[in-house]
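Everything below belongs to structure01.txt, which stores compact mmCIF, C-alpha atoms.
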# COMPACT_ATOMS: atom_id res chain seq x y z
CA VAL A 1 61.04 178.49 27.86
CA PHE A 2 64.64 178.76 26.74
CA GLY A 3 67.12 180.37 29.10
CA LEU A 4 70.25 182.38 28.38
CA LEU A 5 72.31 182.39 31.54
CA GLY A 6 75.60 184.09 32.26
CA PRO A 7 77.39 186.83 34.17
CA ASN A 8 77.39 190.51 33.21
CA GLY A 9 79.18 190.95 29.89
CA ALA A 10 78.60 187.35 28.81
CA GLY A 11 76.72 188.38 25.66
CA LYS A 12 73.11 187.71 26.69
CA THR A 13 71.77 191.13 25.73
CA THR A 14 73.82 191.20 22.53
CA MET A 15 72.35 187.81 21.61
CA VAL A 16 68.75 188.91 22.12
CA GLU A 17 69.36 192.20 20.29
CA ILE A 18 70.57 190.19 17.29
CA LEU A 19 67.53 187.89 17.49
CA GLU A 20 65.23 190.94 17.63
CA GLY A 21 66.89 192.60 14.63
CA LEU A 22 68.21 195.51 16.71
CA ARG A 23 71.87 194.63 16.10
CA GLU A 24 73.58 192.99 13.13
CA PRO A 25 75.65 189.89 13.82
CA THR A 26 79.36 190.22 13.17
CA SER A 27 79.52 186.67 11.80
CA GLY A 28 77.40 183.60 11.22
CA GLU A 29 73.77 183.28 10.23
CA VAL A 30 70.63 183.99 12.24
CA SER A 31 67.09 182.82 11.59
CA VAL A 32 64.16 183.56 13.90
CA LEU A 33 60.82 181.94 13.07
CA GLY A 34 62.26 181.27 9.62
CA LEU A 35 63.01 184.97 9.08
CA ASP A 36 66.26 186.92 8.79
CA PRO A 37 66.20 189.53 11.58
CA THR A 38 68.21 192.03 9.54
CA GLY A 39 66.30 191.58 6.27
CA ASP A 40 62.77 190.71 7.39
CA THR A 41 62.59 193.16 10.28
CA PHE A 42 58.95 194.28 9.89
CA ALA A 43 57.62 190.74 9.41
CA LEU A 44 59.65 189.54 12.39
CA GLN A 45 58.51 192.40 14.63
CA GLN A 46 54.90 191.41 13.97
CA ARG A 47 55.63 187.92 15.35
CA ILE A 48 57.87 188.61 18.35
CA GLY A 49 57.40 190.52 21.55
CA ALA A 50 60.33 191.85 23.53
CA GLN A 51 60.88 193.28 26.96
CA LEU A 52 64.26 194.95 26.95
CA GLN A 53 66.53 195.51 29.93
CA ALA A 54 65.75 199.22 29.93
CA THR A 55 62.26 199.73 28.52
CA GLN A 56 61.41 203.41 28.12
CA ILE A 57 57.78 203.97 29.13
CA PRO A 58 56.18 207.38 28.51
CA ASN A 59 55.62 208.96 31.96
CA ASP A 60 52.65 211.13 30.98
CA LEU A 61 50.42 208.31 29.75
CA THR A 62 48.30 205.90 31.74
CA ALA A 63 49.01 202.18 31.66
CA PHE A 64 45.97 201.73 29.38
CA GLU A 65 47.19 204.47 27.01
CA VAL A 66 50.68 202.97 26.82
CA LEU A 67 49.28 199.58 25.83
CA ARG A 68 46.88 201.16 23.31
CA LEU A 69 49.81 203.06 21.78
CA PHE A 70 51.91 199.90 21.48
CA ALA A 71 48.95 197.95 20.07
CA SER A 72 48.75 200.49 17.25
CA PHE A 73 52.21 199.42 16.05
CA TYR A 74 50.94 195.96 15.07
CA GLU A 75 48.64 194.59 12.40
CA ARG A 76 46.65 192.75 15.08
CA SER A 77 46.45 193.09 18.84
CA LEU A 78 44.65 191.77 21.88
CA PRO A 79 42.03 193.79 23.76
CA ILE A 80 43.88 196.15 26.12
CA ASP A 81 41.75 195.12 29.11
CA ASP A 82 42.77 191.48 28.54
CA VAL A 83 46.46 192.43 28.53
CA LEU A 84 46.07 194.51 31.69
CA GLN A 85 44.40 191.56 33.39
CA ARG A 86 47.09 189.14 32.22
CA VAL A 87 49.83 191.27 33.80
CA SER A 88 47.77 192.07 36.93
CA LEU A 89 47.45 195.80 36.24
CA THR A 90 43.68 196.16 35.81
CA GLY A 91 43.47 198.31 38.94
CA LYS A 92 46.24 200.57 37.64
CA SER A 93 44.87 201.10 34.11
CA LYS A 94 44.14 204.82 34.69
CA GLU A 95 47.31 205.48 36.68
CA LEU A 96 50.03 207.59 35.08
CA THR A 97 53.03 205.37 34.56
CA ARG A 98 55.28 207.76 36.52
CA ASN A 99 53.30 206.70 39.62
CA LEU A 100 53.75 202.96 39.12
CA SER A 101 56.16 200.94 41.28
CA GLY A 102 59.18 199.22 39.75
CA GLY A 103 57.40 195.86 39.67
CA GLN A 104 54.31 197.42 38.09
CA LYS A 105 56.46 199.06 35.42
CA GLN A 106 58.11 195.70 34.69
CA ARG A 107 54.67 194.09 34.35
CA LEU A 108 53.61 196.92 32.03
CA ALA A 109 56.75 196.31 29.93
CA ILE A 110 55.74 192.64 29.72
CA GLY A 111 52.25 193.77 28.67
CA MET A 112 53.81 195.89 25.93
CA ALA A 113 55.54 192.74 24.67
CA LEU A 114 52.30 190.73 24.88
CA VAL A 115 49.89 193.23 23.35
CA HIS A 116 49.96 191.69 19.86
CA ASP A 117 49.91 188.05 21.05
CA PRO A 118 53.30 187.17 19.51
CA ASP A 119 54.56 183.68 18.69
CA LEU A 120 57.91 184.33 20.40
CA LEU A 121 58.61 186.43 23.48
CA ILE A 122 62.05 187.65 24.47
CA PHE A 123 62.50 188.82 28.05
CA ASP A 124 65.87 190.35 28.88
CA GLU A 125 66.42 190.05 32.64
CA PRO A 126 62.80 190.88 33.48
CA THR A 127 63.19 190.21 37.22
CA SER A 128 66.43 192.10 37.76
CA GLY A 129 66.07 194.42 40.74
CA LEU A 130 62.57 193.28 41.68
CA ASP A 131 61.41 192.33 45.15
CA PRO A 132 60.46 188.66 45.74
CA ALA A 133 56.69 189.23 45.32
CA ALA A 134 57.11 191.07 42.01
CA ARG A 135 59.55 188.39 40.85
CA ARG A 136 57.00 185.64 41.63
CA GLN A 137 54.32 187.52 39.67
CA LEU A 138 56.57 187.67 36.62
CA HIS A 139 57.40 183.98 36.98
CA GLU A 140 53.67 183.23 36.93
CA ILE A 141 53.24 185.26 33.73
CA ILE A 142 56.11 183.38 32.05
CA LEU A 143 54.73 179.98 33.12
CA GLU A 144 51.25 180.95 31.89
CA LEU A 145 52.73 181.90 28.51
CA ARG A 146 54.52 178.55 28.38
CA ASP A 147 51.30 176.75 29.23
CA ARG A 148 49.56 178.62 26.39
CA GLY A 149 52.13 177.24 23.95
CA ARG A 150 54.22 180.36 23.50
CA THR A 151 57.98 180.21 23.14
CA VAL A 152 59.88 182.39 25.60
CA ILE A 153 63.57 183.29 25.53
CA LEU A 154 64.61 184.46 28.98
CA THR A 155 67.93 185.99 29.91
CA THR A 156 68.81 185.89 33.58
CA HIS A 157 71.66 185.99 36.07
CA TYR A 158 69.80 183.74 38.47
CA ILE A 159 70.43 179.99 38.27
CA GLU A 160 67.41 179.21 40.47
CA GLU A 161 65.19 181.24 38.13
CA ALA A 162 66.48 179.34 35.10
CA GLU A 163 65.96 176.01 36.90
CA LYS A 164 62.38 176.93 37.82
CA LEU A 165 61.27 178.38 34.48
CA CYS A 166 63.36 176.94 31.65
CA GLN A 167 63.23 173.62 29.85
CA ARG A 168 66.56 174.32 28.15
CA VAL A 169 69.39 176.61 29.14
CA VAL A 170 72.46 177.90 27.34
CA ILE A 171 75.26 179.32 29.44
CA LEU A 172 77.23 182.11 27.80
CA SER A 173 80.62 183.44 28.74
CA GLN A 174 82.44 186.15 26.79
CA GLY A 175 80.08 185.75 23.84
CA ARG A 176 80.53 181.98 23.57
CA VAL A 177 78.33 179.06 24.51
CA VAL A 178 80.11 177.19 27.30
CA ALA A 179 77.29 174.78 28.24

Go ahead and render the structure in this file as structure tokens.
Amino acid sequence: VFGLLGPNGAGKTTMVEILEGLREPTSGEVSVLGLDPTGDTFALQQRIGAQLQATQIPNDLTAFEVLRLFASFYERSLPIDDVLQRVSLTGKSKELTRNLSGGQKQRLAIGMALVHDPDLLIFDEPTSGLDPAARRQLHEIILELRDRGRTVILTTHYIEEAEKLCQRVVILSQGRVVA
């Protein structure tokens, strides 16, 4: 688990958007899993999973339907029931997403990132705005991914979260690595 830590405006989200191939870098070179995010976008998207700061989830679908839809975007995917169990949403599988709590929606967004069992996961402030119980649940998911040998890039504002979850941390300020 690799942490990107810094205040608002430090460049954390810009960094992960570049790594995901959603934004072109203004200078330098970027390689993710040996691929160029701007040139090998499809191949890279098959190997990474991302939970963005503001994940748009269709309100008129159930949690199961959302995951099935996202699974269809990939060449291979995990069984939907397994993903629901992994993010502790089995009991909410038939619930319309508009009726889910904030923590449940965050866990569903993590499930959307996990559905194709990617090599690299990028979580952009996944615990921001969550209550302590929901935050602990997400920490458990991240630690379980680490224990399964997955690489996780985690952006956060919280030093204690980075200390608990990350083996390495980069601190950004105004788009530059300061530590």

Shell of 12 Å around A:Ile142, all atoms listed in the file, local chain residues under 2 positions omitted, as a ChimeraX atom specification: /A:1-3,86-87,107,110-111,113-114,120-123,126-127,135-140,144-154,161-162,164-166

Find the residue from A:Arg168, A:Leu33, A:Gln45, A:His116 that sits nearest to A:Leu78; use all atoms listed in the file when measuring. A:His116

Who sits within 8 Å of A:Arg47, only C-alpha atoms, same chain under 4 positions skipped, as a ChimeraX atom specification: /A:43,118-120

Just give me the gap between atom CA of A:Ala134 and atom CA of A:Gly103 in Å, one decimal is fine. 5.3 Å

Can you list, as number ranges by chain, every protein, DNA or RNA residue that comes within 9 Å of A:Leu172 when you count all atoms listed in the file, leaving out same-chain residues fewer than 2 positions away? A: 4-7, 10-12, 170, 174-179

A:Pro79, A:Gly21, A:Gly102, A:Gly91 ranked by distance to A:Ile48, top pick (using all atoms listed in the file):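 Smallest separation from A:Ile48 among the options: A:Gly21.
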
What is the distance, in Å and to one decimal place, between atom CA of A:Val66 and atom CA of A:Leu84?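 These two atoms are separated by 10.8 Å.
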
Gap from atom CA of A:Leu44 to atom CA of A:Glu24 - Å, one decimal: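 Between atom CA of A:Leu44 and atom CA of A:Glu24 the gap works out to 14.4 Å.
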
Taking all atoms listed in the file into account, which of A:Val115, A:Leu89, A:Leu96, A:Leu35 comes nearest A:Ala71?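 Counting all atoms listed in the file, the residue closest to A:Ala71 is A:Val115.
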
Neighbours of A:Leu19 within 8 Å (only C-alpha atoms; same-chain residues fewer than 5 positions away dropped), as a list in words?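 Close residues of A:Leu19: Val30, Ser31, Val32 and Pro37 of chain A.
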